>>> print(open('upload12.txt').read())   # compact mmCIF, C-alpha atoms and all ligand atoms
# COMPACT_ATOMS: atom_id res chain seq x y z
CA MET A 874 -8.71 48.69 -50.27
CA LYS A 875 -9.01 44.92 -50.65
CA ILE A 876 -10.71 43.84 -47.49
CA ARG A 877 -13.92 42.06 -46.71
CA THR A 878 -15.60 42.66 -43.38
CA LEU A 879 -18.35 40.45 -42.01
CA SER A 880 -20.18 41.27 -38.87
CA ALA A 881 -20.29 38.25 -36.61
CA ALA A 882 -22.66 37.97 -33.65
CA GLY A 883 -20.86 40.72 -31.78
CA TYR A 884 -17.60 41.45 -33.57
CA PRO A 885 -16.15 42.15 -37.01
CA ILE A 886 -14.20 39.56 -39.00
CA HIS A 887 -11.86 41.21 -41.50
CA ILE A 888 -10.51 39.12 -44.39
CA GLY A 889 -7.98 40.05 -47.05
CA LYS A 890 -4.51 41.31 -47.73
CA ASP A 891 -5.13 44.75 -46.27
CA VAL A 892 -6.59 43.67 -42.95
CA PHE A 893 -3.77 45.14 -40.90
CA ARG A 894 -4.79 48.68 -41.87
CA GLU A 895 -7.90 47.95 -39.89
CA LEU A 896 -5.85 46.59 -36.98
CA ASN A 897 -3.70 49.74 -37.04
CA ARG A 898 -6.84 51.84 -36.95
CA MET A 899 -8.15 49.86 -34.00
CA LEU A 900 -4.93 50.07 -32.00
CA ASN A 901 -4.24 53.73 -32.78
CA TYR A 902 -7.63 55.40 -32.81
CA SER A 903 -10.08 53.45 -30.68
CA GLU A 904 -10.38 53.24 -26.90
CA LEU A 905 -7.46 50.78 -27.13
CA LYS A 906 -4.97 53.48 -28.11
CA ARG A 907 -3.53 53.69 -24.60
CA SER A 908 -3.79 49.98 -23.79
CA ALA A 909 -0.73 47.84 -23.18
CA ILE A 910 -0.52 45.18 -25.90
CA PHE A 911 0.53 41.54 -25.52
CA VAL A 912 1.00 39.09 -28.36
CA LEU A 913 0.66 35.34 -27.83
CA VAL A 914 2.55 33.11 -30.29
CA ASP A 915 3.93 29.59 -30.62
CA GLU A 916 7.34 28.93 -32.17
CA ASN A 917 5.86 28.55 -35.65
CA SER A 918 3.69 31.64 -35.69
CA LEU A 919 6.63 33.50 -34.11
CA LYS A 920 8.91 32.46 -36.93
CA HIS A 921 6.55 32.73 -39.88
CA CYS A 922 3.89 35.28 -38.99
CA TYR A 923 5.12 37.64 -36.30
CA PRO A 924 7.76 39.38 -38.49
CA VAL A 925 5.08 40.06 -41.14
CA LEU A 926 2.72 41.44 -38.53
CA LEU A 927 5.43 43.60 -36.96
CA ARG A 928 6.26 45.17 -40.32
CA GLN A 929 2.64 46.10 -40.86
CA VAL A 930 1.57 47.13 -37.38
CA LYS A 931 4.18 49.48 -35.99
CA ARG A 932 2.62 49.79 -32.58
CA LEU A 933 3.50 46.18 -31.89
CA LYS A 934 7.14 47.25 -31.47
CA GLU A 935 6.15 48.17 -27.91
CA ALA A 936 4.13 45.00 -27.35
CA GLU A 937 5.24 42.25 -24.99
CA LEU A 938 5.59 38.84 -26.58
CA ILE A 939 4.41 35.68 -24.82
CA GLU A 940 5.55 32.43 -26.41
CA VAL A 941 4.19 28.96 -25.72
CA GLU A 942 5.12 25.66 -27.29
CA SER A 943 2.99 24.53 -30.24
CA GLY A 944 0.73 21.48 -30.24
CA GLU A 945 -2.61 20.26 -28.94
CA GLU A 946 -0.81 18.61 -25.98
CA ASN A 947 0.03 22.11 -24.75
CA LYS A 948 -3.56 23.33 -24.79
CA ASN A 949 -3.93 22.74 -21.08
CA ILE A 950 -4.26 24.44 -17.72
CA ASP A 951 -0.50 24.41 -16.97
CA VAL A 952 0.35 26.35 -20.11
CA CYS A 953 -2.62 28.58 -19.48
CA THR A 954 -1.27 29.33 -16.00
CA ASN A 955 2.02 30.32 -17.63
CA ILE A 956 0.13 32.76 -19.85
CA TRP A 957 -1.72 34.28 -16.87
CA SER A 958 1.59 34.54 -14.93
CA ALA A 959 3.32 36.19 -17.88
CA LEU A 960 0.49 38.70 -18.27
CA SER A 961 0.57 39.41 -14.56
CA SER A 962 4.33 39.79 -14.21
CA LEU A 963 4.55 41.92 -17.36
CA GLY A 964 2.07 44.31 -15.78
CA ALA A 965 -1.10 43.62 -17.76
CA ASP A 966 -4.12 45.41 -16.36
CA ARG A 967 -7.84 45.37 -17.09
CA HIS A 968 -7.34 47.65 -20.10
CA SER A 969 -4.66 45.52 -21.73
CA VAL A 970 -5.17 43.73 -25.04
CA LEU A 971 -4.04 40.23 -25.95
CA ILE A 972 -3.45 39.47 -29.62
CA ASN A 973 -3.57 35.73 -30.33
CA LEU A 974 -1.39 35.03 -33.35
CA GLY A 975 -1.48 31.36 -34.34
CA GLY A 976 -3.60 28.33 -35.13
CA GLY A 977 -6.66 27.10 -33.31
CA VAL A 978 -4.67 26.10 -30.23
CA ILE A 979 -3.39 29.66 -29.72
CA GLY A 980 -6.83 31.14 -30.49
CA ASP A 981 -8.76 28.83 -28.14
CA MET A 982 -6.25 28.95 -25.27
CA GLY A 983 -5.24 32.60 -25.65
CA GLY A 984 -8.89 33.60 -25.84
CA PHE A 985 -9.63 31.53 -22.74
CA ALA A 986 -6.68 33.08 -20.86
CA ALA A 987 -7.79 36.60 -21.85
CA ALA A 988 -11.48 36.02 -21.12
CA THR A 989 -10.64 34.95 -17.57
CA PHE A 990 -7.62 37.16 -16.71
CA LYS A 991 -8.81 39.88 -14.32
CA ARG A 992 -12.37 38.77 -15.17
CA GLY A 993 -11.77 39.35 -18.86
CA ILE A 994 -9.54 41.58 -20.96
CA THR A 995 -9.97 42.50 -24.60
CA PHE A 996 -8.51 40.04 -27.09
CA VAL A 997 -8.07 39.94 -30.82
CA ASN A 998 -7.56 36.80 -32.91
CA ILE A 999 -5.28 36.54 -35.91
CA PRO A 1000 -5.69 32.93 -37.08
CA THR A 1001 -2.73 31.62 -39.07
CA THR A 1002 -3.84 28.11 -40.13
CA LEU A 1003 -6.60 27.36 -42.62
CA LEU A 1004 -8.57 25.46 -39.96
CA ALA A 1005 -8.39 28.39 -37.58
CA GLN A 1006 -9.30 30.89 -40.33
CA VAL A 1007 -12.41 29.09 -41.55
CA ASP A 1008 -13.59 27.41 -38.36
CA ALA A 1009 -12.12 28.49 -35.01
CA SER A 1010 -12.28 32.18 -36.02
CA VAL A 1011 -16.07 32.20 -35.84
CA GLY A 1012 -18.35 31.41 -32.94
CA GLY A 1013 -16.71 32.62 -29.74
CA LYS A 1014 -15.84 29.18 -28.35
CA LEU A 1015 -12.74 29.26 -26.15
CA GLY A 1016 -11.15 26.60 -24.06
CA ILE A 1017 -8.51 24.10 -23.09
CA ASP A 1018 -8.28 20.32 -22.87
CA LEU A 1019 -8.47 18.39 -19.62
CA ASP A 1020 -6.30 15.26 -19.64
CA ASN A 1021 -7.35 13.65 -22.92
CA LEU A 1022 -10.76 15.31 -23.08
CA LYS A 1023 -10.78 17.95 -25.79
CA ASN A 1024 -12.18 21.38 -24.98
CA GLU A 1025 -13.50 20.10 -21.66
CA VAL A 1026 -13.05 23.47 -19.90
CA GLY A 1027 -13.98 26.73 -21.54
CA LEU A 1028 -16.53 29.42 -22.23
CA PHE A 1029 -18.17 31.47 -24.95
CA THR A 1030 -16.69 34.95 -25.25
CA ASP A 1031 -16.26 37.00 -28.41
CA PRO A 1032 -12.98 38.55 -29.47
CA ALA A 1033 -13.00 42.31 -30.14
CA ALA A 1034 -12.21 41.46 -33.77
CA VAL A 1035 -10.72 38.79 -36.01
CA PHE A 1036 -8.17 39.49 -38.75
CA ILE A 1037 -7.79 36.85 -41.45
CA TYR A 1038 -4.71 37.35 -43.61
CA PRO A 1039 -4.72 34.50 -46.15
CA GLU A 1040 -1.03 35.02 -47.03
CA PHE A 1041 -0.04 33.58 -43.66
CA LEU A 1042 -1.00 30.22 -45.12
CA SER A 1043 1.96 30.24 -47.51
CA THR A 1044 4.19 28.65 -44.84
CA LEU A 1045 1.67 26.04 -43.73
CA SER A 1046 2.36 22.40 -44.65
CA GLN A 1047 0.23 20.82 -47.35
CA ARG A 1048 -1.09 18.39 -44.78
CA GLN A 1049 -2.29 21.14 -42.44
CA MET A 1050 -3.81 22.97 -45.43
CA LEU A 1051 -5.86 19.94 -46.41
CA SER A 1052 -6.95 19.39 -42.83
CA GLY A 1053 -8.46 22.89 -42.82
CA PHE A 1054 -9.86 22.34 -46.30
CA ALA A 1055 -12.06 19.52 -44.95
CA GLU A 1056 -14.06 22.13 -43.00
CA ILE A 1057 -14.47 24.19 -46.20
CA VAL A 1058 -15.88 21.11 -47.96
CA LYS A 1059 -18.18 20.52 -44.98
CA HIS A 1060 -19.51 24.10 -45.11
CA ALA A 1061 -20.40 23.67 -48.77
CA LEU A 1062 -22.05 20.29 -48.24
CA ILE A 1063 -24.28 21.45 -45.38
CA ALA A 1064 -25.24 24.85 -46.73
CA ASP A 1065 -24.55 25.72 -50.33
CA ARG A 1066 -24.81 23.49 -53.38
CA LYS A 1067 -23.39 26.09 -55.76
CA TYR A 1068 -20.37 26.53 -53.53
CA TRP A 1069 -19.88 22.74 -53.54
CA GLN A 1070 -19.86 22.77 -57.35
CA GLU A 1071 -17.27 25.55 -57.35
CA ILE A 1072 -15.06 23.62 -54.95
CA ARG A 1073 -15.46 20.42 -56.92
CA ASP A 1074 -14.49 22.10 -60.18
CA ALA A 1075 -11.73 24.43 -58.98
CA SER A 1076 -8.17 24.02 -57.94
CA PRO A 1077 -8.12 24.92 -54.24
CA ASP A 1078 -5.00 27.09 -54.55
CA GLU A 1079 -6.55 29.38 -57.13
CA SER A 1080 -9.69 30.23 -55.24
CA LEU A 1081 -8.54 29.93 -51.67
CA GLU A 1082 -9.31 33.47 -50.53
CA ALA A 1083 -12.81 33.31 -52.02
CA PHE A 1084 -13.35 29.95 -50.31
CA ILE A 1085 -12.21 31.37 -46.96
CA ILE A 1086 -14.67 34.25 -47.29
CA ARG A 1087 -17.59 31.99 -48.28
CA SER A 1088 -16.84 29.51 -45.50
CA VAL A 1089 -16.61 32.19 -42.84
CA GLU A 1090 -19.92 33.61 -44.15
CA ILE A 1091 -21.61 30.22 -43.86
CA LYS A 1092 -20.31 29.44 -40.38
CA ASN A 1093 -21.09 32.98 -39.28
CA SER A 1094 -24.68 32.87 -40.47
CA ILE A 1095 -25.26 29.56 -38.66
CA VAL A 1096 -23.59 30.70 -35.43
CA LYS A 1097 -25.46 34.01 -35.44
CA LYS A 1098 -28.77 32.15 -35.31
CA ASP A 1099 -27.57 29.84 -32.50
CA PRO A 1100 -24.72 31.51 -30.59
CA LYS A 1101 -24.75 29.11 -27.60
CA GLU A 1102 -25.17 25.86 -29.54
CA LYS A 1103 -28.72 25.10 -28.48
CA GLY A 1104 -29.77 23.43 -31.73
CA LEU A 1105 -29.22 24.74 -35.24
CA ARG A 1106 -25.45 24.94 -34.82
CA LYS A 1107 -25.41 21.14 -34.79
CA VAL A 1108 -25.54 21.24 -38.61
CA LEU A 1109 -21.81 21.97 -38.33
CA ASN A 1110 -21.33 18.45 -36.96
CA PHE A 1111 -21.72 16.78 -40.34
CA GLY A 1112 -18.84 14.28 -40.67
CA HIS A 1113 -17.90 14.82 -37.05
CA THR A 1114 -19.70 12.01 -35.18
CA ILE A 1115 -17.64 9.38 -36.97
CA GLY A 1116 -14.78 11.84 -37.61
CA HIS A 1117 -14.26 12.56 -33.90
CA ALA A 1118 -14.30 8.86 -33.05
CA ILE A 1119 -11.69 8.16 -35.73
CA GLU A 1120 -9.60 11.09 -34.47
CA SER A 1121 -9.75 9.80 -30.87
CA TRP A 1122 -8.97 6.26 -32.05
CA SER A 1123 -5.93 7.56 -33.91
CA LEU A 1124 -4.81 9.48 -30.77
CA GLU A 1125 -5.18 6.28 -28.74
CA GLY A 1126 -2.60 4.73 -31.03
CA GLY A 1127 -5.00 3.18 -33.52
CA GLY A 1128 -2.20 2.66 -36.01
CA VAL A 1129 -2.50 5.80 -38.13
CA GLN A 1130 -1.91 9.35 -36.97
CA LEU A 1131 -4.58 11.63 -38.32
CA LEU A 1132 -5.15 15.36 -38.20
CA HIS A 1133 -8.64 16.58 -37.33
CA GLY A 1134 -9.61 17.36 -40.93
CA GLU A 1135 -8.26 14.04 -42.20
CA ALA A 1136 -10.52 12.21 -39.74
CA VAL A 1137 -13.46 14.47 -40.64
CA ALA A 1138 -12.95 13.71 -44.35
CA ILE A 1139 -13.40 9.99 -43.58
CA GLY A 1140 -16.35 10.86 -41.35
CA MET A 1141 -17.99 12.79 -44.21
CA VAL A 1142 -17.78 9.79 -46.56
CA CYS A 1143 -19.34 7.51 -43.92
CA GLU A 1144 -21.99 10.03 -43.00
CA ALA A 1145 -22.82 10.71 -46.66
CA TRP A 1146 -23.52 6.97 -46.93
CA LEU A 1147 -25.76 7.21 -43.84
CA SER A 1148 -27.42 10.23 -45.47
CA ALA A 1149 -28.27 8.15 -48.54
CA LYS A 1150 -29.63 5.39 -46.33
CA ARG A 1151 -31.56 7.47 -43.85
CA CYS A 1152 -32.08 10.97 -45.14
CA GLY A 1153 -32.91 10.67 -48.82
CA LEU A 1154 -29.58 11.81 -50.26
CA HIS A 1155 -29.57 10.70 -53.90
CA LYS A 1156 -27.18 7.86 -54.72
CA SER A 1157 -25.52 9.88 -57.50
CA LEU A 1158 -24.72 12.63 -54.97
CA LEU A 1159 -23.27 10.07 -52.57
CA ASN A 1160 -21.00 8.89 -55.39
CA GLU A 1161 -20.02 12.45 -56.22
CA ILE A 1162 -19.12 13.28 -52.60
CA THR A 1163 -17.24 10.03 -52.09
CA SER A 1164 -15.13 10.28 -55.20
CA TYR A 1165 -14.25 13.94 -54.55
CA ILE A 1166 -13.24 13.33 -50.95
CA LEU A 1167 -11.27 10.19 -51.70
CA ARG A 1168 -9.25 11.84 -54.43
CA THR A 1169 -8.69 15.06 -52.46
CA PHE A 1170 -7.82 13.73 -49.02
CA LYS A 1171 -5.45 11.10 -47.85
CA THR A 1172 -7.16 7.73 -47.90
CA VAL A 1173 -6.52 5.59 -44.91
CA ARG A 1174 -6.57 1.83 -44.92
CA LEU A 1175 -8.89 1.08 -42.10
CA ASP A 1176 -8.33 -2.66 -42.05
CA LYS A 1177 -7.08 -2.54 -38.50
CA PHE A 1178 -10.01 -0.48 -37.52
CA ASP A 1179 -11.92 -1.74 -34.56
CA ASP A 1180 -15.53 -0.87 -35.36
CA LEU A 1181 -16.77 -1.64 -31.88
CA ARG A 1182 -14.15 0.62 -30.29
CA LEU A 1183 -15.18 3.40 -32.66
CA ILE A 1184 -18.83 2.96 -31.75
CA GLU A 1185 -17.89 3.01 -28.06
CA LEU A 1186 -16.09 6.33 -28.65
CA MET A 1187 -19.16 7.72 -30.46
CA LYS A 1188 -21.35 6.83 -27.50
CA HIS A 1189 -19.02 8.76 -25.20
CA ASP A 1190 -18.85 11.84 -27.40
CA LYS A 1191 -20.31 14.74 -25.46
CA LYS A 1192 -22.16 15.90 -28.57
CA ASN A 1193 -24.46 12.88 -28.29
CA ASN A 1194 -27.35 13.61 -26.00
CA SER A 1195 -27.64 10.24 -24.40
CA ARG A 1196 -25.19 7.42 -23.84
CA ASP A 1197 -27.01 4.85 -25.92
CA LYS A 1198 -28.09 6.91 -28.87
CA ILE A 1199 -25.66 8.03 -31.50
CA ASN A 1200 -26.68 11.29 -33.02
CA PHE A 1201 -25.84 12.44 -36.54
CA THR A 1202 -26.20 15.44 -38.75
CA LEU A 1203 -27.05 14.09 -42.21
CA LEU A 1204 -27.60 15.53 -45.66
CA SER A 1205 -30.94 15.32 -47.42
CA GLU A 1206 -29.44 17.18 -50.38
CA ILE A 1207 -26.10 18.79 -51.05
CA GLY A 1208 -26.54 22.13 -49.29
CA SER A 1209 -29.18 20.96 -46.86
CA ALA A 1210 -28.51 19.25 -43.53
CA GLU A 1211 -30.76 17.72 -40.89
CA THR A 1212 -29.75 17.36 -37.26
CA ASP A 1213 -30.59 14.79 -34.57
CA ARG A 1214 -30.74 11.73 -36.79
CA ILE A 1215 -30.21 8.62 -34.70
CA CYS A 1216 -28.52 5.73 -36.52
CA SER A 1217 -28.24 2.14 -35.37
CA VAL A 1218 -24.99 0.33 -34.67
CA GLU A 1219 -25.59 -1.85 -37.74
CA GLU A 1220 -26.01 1.22 -39.93
CA ILE A 1221 -22.82 2.76 -38.55
CA LYS A 1222 -20.91 -0.43 -39.22
CA GLY A 1223 -22.33 -0.40 -42.74
CA SER A 1224 -21.00 3.11 -43.28
CA LEU A 1225 -17.52 2.11 -42.10
CA ARG A 1226 -17.62 -0.88 -44.44
CA TYR A 1227 -18.57 1.46 -47.28
CA TYR A 1228 -15.55 3.69 -46.58
CA ARG A 1229 -13.27 0.69 -46.50
CA GLU A 1230 -14.55 -0.67 -49.79
CA GLN A 1231 -14.37 2.70 -51.51
CA ALA A 1232 -10.93 3.64 -50.12
CA ASN A 1233 -9.53 0.29 -51.14
CA LEU A 1234 -10.95 0.73 -54.62
CA ILE A 1235 -9.10 4.02 -55.01
CA GLY A 1236 -5.96 3.55 -52.91
N1 LIG B 1301 -13.06 27.55 -31.21
C1 LIG B 1301 -13.56 26.84 -32.20
O1 LIG B 1301 -14.70 27.03 -32.63
C2 LIG B 1301 -12.70 25.81 -32.84
C3 LIG B 1301 -13.07 25.27 -34.07
C4 LIG B 1301 -12.23 24.33 -34.66
C5 LIG B 1301 -11.07 23.94 -34.02
N2 LIG B 1301 -10.74 24.48 -32.82
C6 LIG B 1301 -9.50 24.10 -32.13
O2 LIG B 1301 -8.40 24.43 -32.95
C7 LIG B 1301 -7.33 23.54 -32.68
C8 LIG B 1301 -6.77 23.07 -34.00
O3 LIG B 1301 -6.36 24.18 -34.75
P1 LIG B 1301 -5.14 24.12 -35.78
O4 LIG B 1301 -5.38 23.02 -36.74
O5 LIG B 1301 -4.94 25.49 -36.28
O6 LIG B 1301 -3.94 23.59 -34.86
P2 LIG B 1301 -2.62 24.29 -34.27
O7 LIG B 1301 -2.91 25.56 -33.62
O8 LIG B 1301 -1.99 23.21 -33.45
O9 LIG B 1301 -1.74 24.56 -35.57
C9 LIG B 1301 -1.23 23.49 -36.34
C10 LIG B 1301 0.29 23.63 -36.53
O10 LIG B 1301 0.55 24.68 -37.45
C11 LIG B 1301 1.53 25.58 -36.92
N3 LIG B 1301 1.30 26.88 -37.56
C12 LIG B 1301 0.36 27.80 -37.26
N4 LIG B 1301 0.37 28.78 -38.17
C13 LIG B 1301 1.35 28.49 -39.05
C14 LIG B 1301 1.82 29.12 -40.24
N5 LIG B 1301 1.24 30.22 -40.72
N6 LIG B 1301 2.85 28.54 -40.90
C15 LIG B 1301 3.40 27.37 -40.46
N7 LIG B 1301 2.97 26.72 -39.36
C16 LIG B 1301 1.95 27.27 -38.67
C17 LIG B 1301 1.29 25.51 -35.43
O11 LIG B 1301 2.39 25.96 -34.71
C18 LIG B 1301 1.02 24.03 -35.25
O12 LIG B 1301 2.26 23.32 -35.23
C19 LIG B 1301 -7.88 22.43 -31.82
O13 LIG B 1301 -7.43 22.62 -30.50
C20 LIG B 1301 -9.39 22.60 -31.91
O14 LIG B 1301 -10.05 22.20 -30.74
C21 LIG B 1301 -11.53 25.41 -32.23
ZN ZN B 1302 -14.09 20.15 -37.25
>>> encode(input="upload12.txt", output="structure tokens")
Amino acid sequence: MKIRTLSAAGYPIHIGKDVFRELNRMLNYSELKRSAIFVLVDENSLKHCYPVLLRQVKRLKEAELIEVESGEENKNIDVCTNIWSALSSLGADRHSVLINLGGGVIGDMGGFAAATFKRGITFVNIPTTLLAQVDASVGGKLGIDLDNLKNEVGLFTDPAAVFIYPEFLSTLSQRQMLSGFAEIVKHALIADRKYWQEIRDASPDESLEAFIIRSVEIKNSIVKKDPKEKGLRKVLNFGHTIGHAIESWSLEGGGVQLLHGEAVAIGMVCEAWLSAKRCGLHKSLLNEITSYILRTFKTVRLDKFDDLRLIELMKHDKKNNSRDKINFTLLSEIGSAETDRICSVEEIKGSLRYYREQANLIG
């Protein structure tokens, strides 16, 4: 049987093309065998993934389907209320199970709805985007947005299990694939030099399943040591201090519309430059990271970029401990990250200038 199972902090993560045998076993032979089953989808996972799941997991023929509209703008309390109401009116009880079939929005919001419905029912996540498979699937963070504040309301609760079926990615757009791929690149850069070399030298399509497994292993091993994000887990923020600011700026109408991973890719180039300046990353490695990222991800002309606005956004990021200090996770080597590095406004501006120069050289 081709299946890889990792044990996360409190739950198994199954990866491979035979994962649904394991889901069948869970639904037919565990204490869940008499539970009512609910499946949460959006229109895309309903169209592309649900039929595949239904063919492989016969018990889902009796499941109730709950559909919500796709998109980050729907990851909010109103849609969550609709999910609670649907569960309630369809007769869900404390023994019911919610299966979240979709990207990170479905996983985060469905998990949040399940973890709070009747003080918490069992839920299972089946992530169907690359970002959700390699990132949101691990770590037990659930939540919804509040107005324009991302993940402002939520909690840590583990799913009963996660099932990663890489073939679901065949219907994902190339743009969404690359957005998820940015997190794979990040995992290699912060934790595993050999993995970075494999990524650099391979074609992503060929080795995707192996990359998913390695990335989940890396995130899992970090999260296991710091389940509630007290310290170590901050290594996962590499590329994200600047990346989040660029993402927010693009959502504010900054001129370019960027997906999370596209913004993080830019953030990684800037923060690699800061790593060379402040953390001893060798210049040749900075060049290697920059040229790989610029040729793999969409380069964005940041001429219209308002550096001061970006720095303002960084100061307001909840991941920074204090309002006036901007906190970074930087690389001392490829495969080795250091947290809580404070950089000055001038240094940050320098890193944005570096991205601009490099992106204009290539694009
Ligand atoms: N909990 C965590 O630790 C964690 C980590 C990272 C990100 N997140 C959250 O995840 C969300 C982003 O996740 P995402 O990028 O998966 O976004 P998403 O859920 O919005 O999915 C992106 C798009 O792909 C569509 N889609 C999903 N599966 C598909 C498939 N197989 N084929 C075709 N289309 C498909 C969706 O309907 C959507 O339109 C954010 O809300 C973010 O906060 C959470
Ligand atoms: Zn991210």
>>> residues_near_ligand(input="upload12.txt", ligand="ligand LIG 1301 (chain B)", cutoff="7 Å", atoms="all atoms listed in the file", output="MDAnalysis selection string")
chainID A and resid 915:918 921:922 943:945 948 975:979 981 1001:1005 1008:1015 1023:1024 1041:1046 1049 1053
>>> write_last_selection(input="upload12.txt", atoms="C-alpha atoms", output="compact mmCIF listing (two decimals), in the coordinates of the input")
# COMPACT_ATOMS: atom_id res chain seq x y z
CA ASP A 915 3.93 29.59 -30.62
CA GLU A 916 7.34 28.93 -32.17
CA ASN A 917 5.86 28.55 -35.65
CA SER A 918 3.69 31.64 -35.69
CA HIS A 921 6.55 32.73 -39.88
CA CYS A 922 3.89 35.28 -38.99
CA SER A 943 2.99 24.53 -30.24
CA GLY A 944 0.73 21.48 -30.24
CA GLU A 945 -2.61 20.26 -28.94
CA LYS A 948 -3.56 23.33 -24.79
CA GLY A 975 -1.48 31.36 -34.34
CA GLY A 976 -3.60 28.33 -35.13
CA GLY A 977 -6.66 27.10 -33.31
CA VAL A 978 -4.67 26.10 -30.23
CA ILE A 979 -3.39 29.66 -29.72
CA ASP A 981 -8.76 28.83 -28.14
CA THR A 1001 -2.73 31.62 -39.07
CA THR A 1002 -3.84 28.11 -40.13
CA LEU A 1003 -6.60 27.36 -42.62
CA LEU A 1004 -8.57 25.46 -39.96
CA ALA A 1005 -8.39 28.39 -37.58
CA ASP A 1008 -13.59 27.41 -38.36
CA ALA A 1009 -12.12 28.49 -35.01
CA SER A 1010 -12.28 32.18 -36.02
CA VAL A 1011 -16.07 32.20 -35.84
CA GLY A 1012 -18.35 31.41 -32.94
CA GLY A 1013 -16.71 32.62 -29.74
CA LYS A 1014 -15.84 29.18 -28.35
CA LEU A 1015 -12.74 29.26 -26.15
CA LYS A 1023 -10.78 17.95 -25.79
CA ASN A 1024 -12.18 21.38 -24.98
CA PHE A 1041 -0.04 33.58 -43.66
CA LEU A 1042 -1.00 30.22 -45.12
CA SER A 1043 1.96 30.24 -47.51
CA THR A 1044 4.19 28.65 -44.84
CA LEU A 1045 1.67 26.04 -43.73
CA SER A 1046 2.36 22.40 -44.65
CA GLN A 1049 -2.29 21.14 -42.44
CA GLY A 1053 -8.46 22.89 -42.82
>>> closest_atom_pairs(input="upload12.txt", of="chain A", to="ligand ZN 1302 (chain B)", cutoff="10 Å", atoms="only C-alpha atoms and all ligand atoms", output="CSV")
residue,atom,partner,partner_atom,distance
A:Leu1004,CA,B:ZN1302,ZN,8.1
A:Asp1008,CA,B:ZN1302,ZN,7.4
A:Ala1009,CA,B:ZN1302,ZN,8.9
A:Ser1052,CA,B:ZN1302,ZN,9.1
A:Gly1053,CA,B:ZN1302,ZN,8.4
A:Ala1055,CA,B:ZN1302,ZN,8.0
A:Glu1056,CA,B:ZN1302,ZN,6.1
A:Ile1057,CA,B:ZN1302,ZN,9.8
A:Lys1059,CA,B:ZN1302,ZN,8.8
A:Leu1109,CA,B:ZN1302,ZN,8.0
A:Asn1110,CA,B:ZN1302,ZN,7.4
A:Phe1111,CA,B:ZN1302,ZN,8.9
A:Gly1112,CA,B:ZN1302,ZN,8.3
A:His1113,CA,B:ZN1302,ZN,6.6
A:Gly1116,CA,B:ZN1302,ZN,8.3
A:His1117,CA,B:ZN1302,ZN,8.3
A:His1133,CA,B:ZN1302,ZN,6.5
A:Gly1134,CA,B:ZN1302,ZN,6.4
A:Glu1135,CA,B:ZN1302,ZN,9.8
A:Ala1136,CA,B:ZN1302,ZN,9.1
A:Val1137,CA,B:ZN1302,ZN,6.6
A:Ala1138,CA,B:ZN1302,ZN,9.7
>>> atom_distance(input="upload12.txt", atom1="CA of Thr1163 in chain A", atom2="CA of Ser1088 in chain A")
20.6 Å
>>> residues_around(input="upload12.txt", residues="Pro885 in chain A", least_positions_apart="2", cutoff="9 Å", atoms="all atoms listed in the file", output="JSON, numbers by chain")
{"A": [878, 879, 880, 881, 882, 883, 887, 1032, 1033, 1034, 1035, 1036]}
>>> closest_atom_pairs(input="upload12.txt", of="range 944-1054 of chain A", to="range 899-914 of chain A", cutoff="7 Å", atoms="only C-alpha atoms", output="tab-separated table")
residue	atom	partner	partner_atom	distance
A:Ala965	CA	A:Ala909	CA	6.9
A:His968	CA	A:Ser908	CA	5.6
A:Ser969	CA	A:Ala909	CA	4.8
A:Val970	CA	A:Ile910	CA	4.9
A:Leu971	CA	A:Phe911	CA	4.8
A:Ile972	CA	A:Val912	CA	4.6
A:Asn973	CA	A:Leu913	CA	4.9
A:Leu974	CA	A:Val914	CA	5.3
A:Gly975	CA	A:Val914	CA	6.0
A:Ile979	CA	A:Val914	CA	6.9
A:Gly983	CA	A:Leu913	CA	6.9
>>> atom_distance(input="upload12.txt", atom1="CA of Ser1157 in chain A", atom2="CA of Val1142 in chain A")
13.4 Å
>>> atom_distance(input="upload12.txt", atom1="CA of Lys890 in chain A", atom2="CA of Leu927 in chain A")
14.8 Å
>>> closest_residue(input="upload12.txt", among="A:Val1007, A:Leu1186, A:Ile999, A:Val930", to="Ile1115 in chain A", atoms="all atoms listed in the file")
A:Leu1186
